[in-house]
2 protein chains.
Amino acid sequence: MRILVLGGDGYLGWPTALHLSQAGHDVAVADNFVRRQYDFELGVESLVPIESLQTRVSAWREHTGKDIAVYVGDLCDHDHTLGMLRDFRPEAVVHFAEQRAAPYSMIDRKHAVYTQVNNVVGTLNLLYAIAEVDRDIHLVKLGTMGEYGTPNIDIEEGWLEIEHNGRRDRVLYPKRPGSFYHLSKVHDSHNIEFTCRIWGLRATDLNQGVVYGQQTPETALDDRLATRFDYDAVFGTVLNRFVIQAVLGHPLTVYGGGGQRRGIIDIRDTVQCVQLACENPADRGEFRVFNQMTESMSVKEIAETVARCYPGDVTIENLENPRVELEGHYYNVTHTRLLDLGLSPHLLSDTLITSLFDVAKRHAHRVKTPALQPKVNWRDHASPVQET
Amino acid sequence: MRILVLGGDGYLGWPTALHLSQAGHDVAVADNFVRRQYDFELGVESLVPIESLQTRVSAWREHTGKDIAVYVGDLCDHDHTLGMLRDFRPEAVVHFAEQRAAPYSMIDRKHAVYTQVNNVVGTLNLLYAIAEVDRDIHLVKLGTMGEYGTPNIDIEEGWLEIEHNGRRDRVLYPKRPGSFYHLSKVHDSHNIEFTCRIWGLRATDLNQGVVYGQQTPETALDDRLATRFDYDAVFGTVLNRFVIQAVLGHPLTVYGGGGQRRGIIDIRDTVQCVQLACENPADRGEFRVFNQMTESMSVKEIAETVARCYPGDVTIENLENPRVELEGHYYNVTHTRLLDLGLSPHLLSDTLITSLFDVAKRHAHRVKTPALQPKVNWRDHASPVQET
């Protein structure tokens, strides 16, 4: 199958491209390297050094004999987006190419506007390009579990069977997200669903939980194939950040009481889920939503798990929560559709965490410790992140 | 009360500004005149000639002795938006300043992207400006009944009490809109609700039905105070368009079978509703939604009503529906909150329609008949409107 991975230079895009290539698909990646640009802006970098995309692709060819085509450009440049689809003629497009950090979107007005415009316009351009080039191209779009917020009812997979005043309907699941970034994904979902209705596009929206881990069988083949390991308070996801804090002998910084429950998923399951979605496409006109997570844990439980696994003393520090979010809340998520397609999950294990400690120890000298402290406050309309 | 009307040069913004001024409020209007620009782009103009904003404001002062301050600029220019709020220090901001035509947003990719970026960024800038200048400023935002689409359950006012698997919650009413324009308003609503949660802003989202009519007591004082009367297939609302077709002796063009039901409202009620919303502000942190409509009718019923009122022969022509929408569907809308605040509705009457015939007859020589035919097709990714 010909699969184009947008954002293929990123934390998950790159391992996904390798996984799909290893599985025998004809893969191309596209990126504009803006994720590397955010690092320059914030004065941080991946804990694990990452190679240029060109070197990564060469190393992959060296190990496997498999080619991955590269397109460089911005989805917001429609000539690029349309040209790429015309040139590669994919059967599926996996779309990771969005600004993906909630705190980044909450820095100030410019970052909020940038996040929403970049994500919404990139996706609109992609939808128009699919409508023009081939309406049968299956869009596999990365969304987030954060779109749902924390409702007091079960979270279903994108749609909700509802009874109200004695009448029934199947409606889009109501969303109440917690950042301008999460909102951008809600906007995308509404736009995509509409194009399935009017143009008969096929789409799978993957509402992904918080991803942890840094290695897949493919990235582990060679240091040059490594993906990012972000630990900073803006782009680092919570479990990865706790691992670094443990290794450095810092307290694990839990926001508030840590009672916030979140869906989580191992990076090896992410790449497996995307493969399953591509190989089992949505029908014409179908807007399909999968909750791409394998279990849920509270932030406090994640911290306690990391602390328990670490072979040394670890303390947990509760910081005033810089975000506006509920801390004690109901959280029960339906996530059976990817299991039905054959997902065999890697649940969070001591082995995985131990392997992350090893990665963190090897690169601990690269950590910029001020970057671990949250500086973006949801209650302010502007936060001074650049003063790090 | 100091009230700033954004989009105050437009079809509804201008009569609203006059109504609020007449009611004794200290009113300013802001506009960037892009609505007049769309006319140049499409080669059409308001059936009723409209004066420059400067002439309008002078004529109002001449008749009433009341001043209306004018700000010229684009909400997407944040320096302008912030500066205007700092200068005028409004207690309420009425926000009409968005691209408001579904067909315009469906012309092609550029118009879809323009509509969403213009509307979403303008509103984001406004939210940030309120957060910075004074979080107590009440935002009165024009949304649309079209955000809801046509669900098979009752449409409530913005929020829905729901029971699911034995648990209860109050959620944002699920939206499934029918154009990139309507989607832009859904995006706005999600963004606004979020800022009520994180910054404690006060907001009223007015989900307005299809507006008909062209005169209010204030605009009727002087020809120079007239507001727009759009009849073209892009910006003209359905009842106003049927009136012109009747006067010209053209068939009333109903899309499909005309079974689409819509909420409708008289322009005189629009201005009354906005006044009621301003004078009864939302609480701090409250995201309040009113369904701003007074009755619902099918497109077929609207056509039949216009045909019945017209003193002459009128035929109805069913065109292939250029939009993607359900034609026979359930439609039952709760709209009690504005009535509770004191709205006394003008339901659709023969008198109103007869007065519209008079307006249309007086200016019938100005009609460009090709503009009455729909050229924007929802099923195509690009429609050639400029070839009129």
# chains A, B, ... in the order shown; residues from 1 in each chain; ligands from 1
>>> interface_residues(of="chain A", to="chain B", cutoff="6 Å", atoms="only C-alpha atoms", output="PyMOL selection string")
chain A and resi 152-153+167+169+172+174+187+198-199+379
>>> write_last_selection(atoms="C-alpha atoms", output="JSON list (two decimals), in the first residue's frame")
[["chain", "number", "residue", "atom", "x", "y", "z"],
["A", 152, "ASN", "CA", -19.05, 12.80, 33.81],
["A", 153, "ILE", "CA", -20.28, 10.10, 31.41],
["A", 167, "ARG", "CA", -36.25, 10.54, 20.52],
["A", 169, "ASP", "CA", -29.98, 10.03, 17.35],
["A", 172, "LEU", "CA", -20.76, 13.49, 17.33],
["A", 174, "PRO", "CA", -19.63, 16.42, 22.65],
["A", 187, "HIS", "CA", -12.00, 22.01, 14.87],
["A", 198, "ILE", "CA", -20.23, 16.34, 1.27],
["A", 199, "TRP", "CA", -17.45, 14.72, -0.74],
["A", 379, "ARG", "CA", -4.90, 31.51, 33.77]]
>>> select_by_dssp(residues="segment 101-245 of chain B", states="helix (DSSP H, G or I)", output="number ranges by chain")
B: 102-105, 109-133, 145-147, 180-199, 219-221, 223-225, 238-245
>>> atom_distance(atom1="atom CA of Gly149 of chain B", atom2="atom CA of Arg135 of chain A")
23.9 Å
>>> closest_residue(among="A:Tyr255, A:Gln292, A:Glu51, A:Gln373", to="Glu317 of chain A", atoms="only C-alpha atoms")
A:Tyr255
>>> atom_distance(atom1="atom CA of Asp230 of chain A", atom2="atom CA of Tyr181 of chain A")
17.7 Å
>>> residues_around(residues="segment 287-291 of chain A", least_positions_apart="5", cutoff="7 Å", atoms="only C-alpha atoms", output="number ranges by chain")
A: 145, 157-158, 193, 196, 202-208, 282, 335, 337-338
>>> closest_residue(among="A:Asp87, A:Asp340, A:Asp136, A:Glu45", to="Phe229 of chain A", atoms="only C-alpha atoms")
A:Glu45
>>> atom_distance(atom1="atom CA of Pro370 of chain A", atom2="atom CA of Asp232 of chain A")
8.5 Å
>>> residues_around(residues="segment 354-361 of chain B", least_positions_apart="5", cutoff="7 Å", atoms="only C-alpha atoms", output="number ranges by chain")
B: 213, 243-244, 247, 309
>>> write_last_selection(atoms="C-alpha atoms", output="short mmCIF file (atom, residue, chain, number, x, y, z; two decimals), in the first residue's frame")
data_model
loop_
_atom_site.label_atom_id
_atom_site.label_comp_id
_atom_site.auth_asym_id
_atom_site.auth_seq_id
_atom_site.Cartn_x
_atom_site.Cartn_y
_atom_site.Cartn_z
CA GLY B 213 -36.76 41.98 6.63
CA VAL B 243 -39.41 38.59 -2.45
CA ILE B 244 -37.22 39.91 -5.25
CA VAL B 247 -41.38 41.22 -7.84
CA CYS B 309 -48.87 37.37 -0.35
#
>>> residues_around(residues="segment 63-70 of chain B", least_positions_apart="4", cutoff="10 Å", atoms="only C-alpha atoms", output="PyMOL selection string")
chain B and resi 4-5+8-9+17-18+21-22+24-31+53-54+56-59+84+88+218+221-222
>>> write_last_selection(atoms="C-alpha atoms", output="short mmCIF file (atom, residue, chain, number, x, y, z; two decimals), in the first residue's frame")
data_model
loop_
_atom_site.label_atom_id
_atom_site.label_comp_id
_atom_site.auth_asym_id
_atom_site.auth_seq_id
_atom_site.Cartn_x
_atom_site.Cartn_y
_atom_site.Cartn_z
CA LEU B 4 -19.00 48.33 20.86
CA VAL B 5 -20.63 46.80 17.77
CA GLY B 8 -21.28 47.72 12.60
CA ASP B 9 -21.40 48.60 8.89
CA ALA B 17 -25.97 49.97 16.50
CA LEU B 18 -28.83 52.39 15.78
CA SER B 21 -28.02 54.12 20.42
CA GLN B 22 -31.74 54.91 20.33
CA GLY B 24 -29.78 55.32 25.24
CA HIS B 25 -26.53 53.35 25.13
CA ASP B 26 -23.17 54.87 24.28
CA VAL B 27 -22.39 53.07 21.04
CA ALA B 28 -19.31 52.70 18.88
CA VAL B 29 -19.11 50.72 15.64
CA ALA B 30 -16.11 49.03 14.08
CA ASP B 31 -15.73 47.66 10.58
CA LEU B 53 -20.46 54.63 7.19
CA GLN B 54 -19.43 58.25 7.70
CA ARG B 56 -24.73 57.06 8.02
CA VAL B 57 -23.28 58.25 11.30
CA SER B 58 -23.79 61.91 10.30
CA ALA B 59 -27.39 61.29 9.31
CA MET B 84 -9.91 49.76 20.18
CA PHE B 88 -13.43 52.75 24.00
CA GLU B 218 -34.40 53.55 13.20
CA LEU B 221 -36.06 57.41 9.55
CA ASP B 222 -34.01 58.38 6.50
#
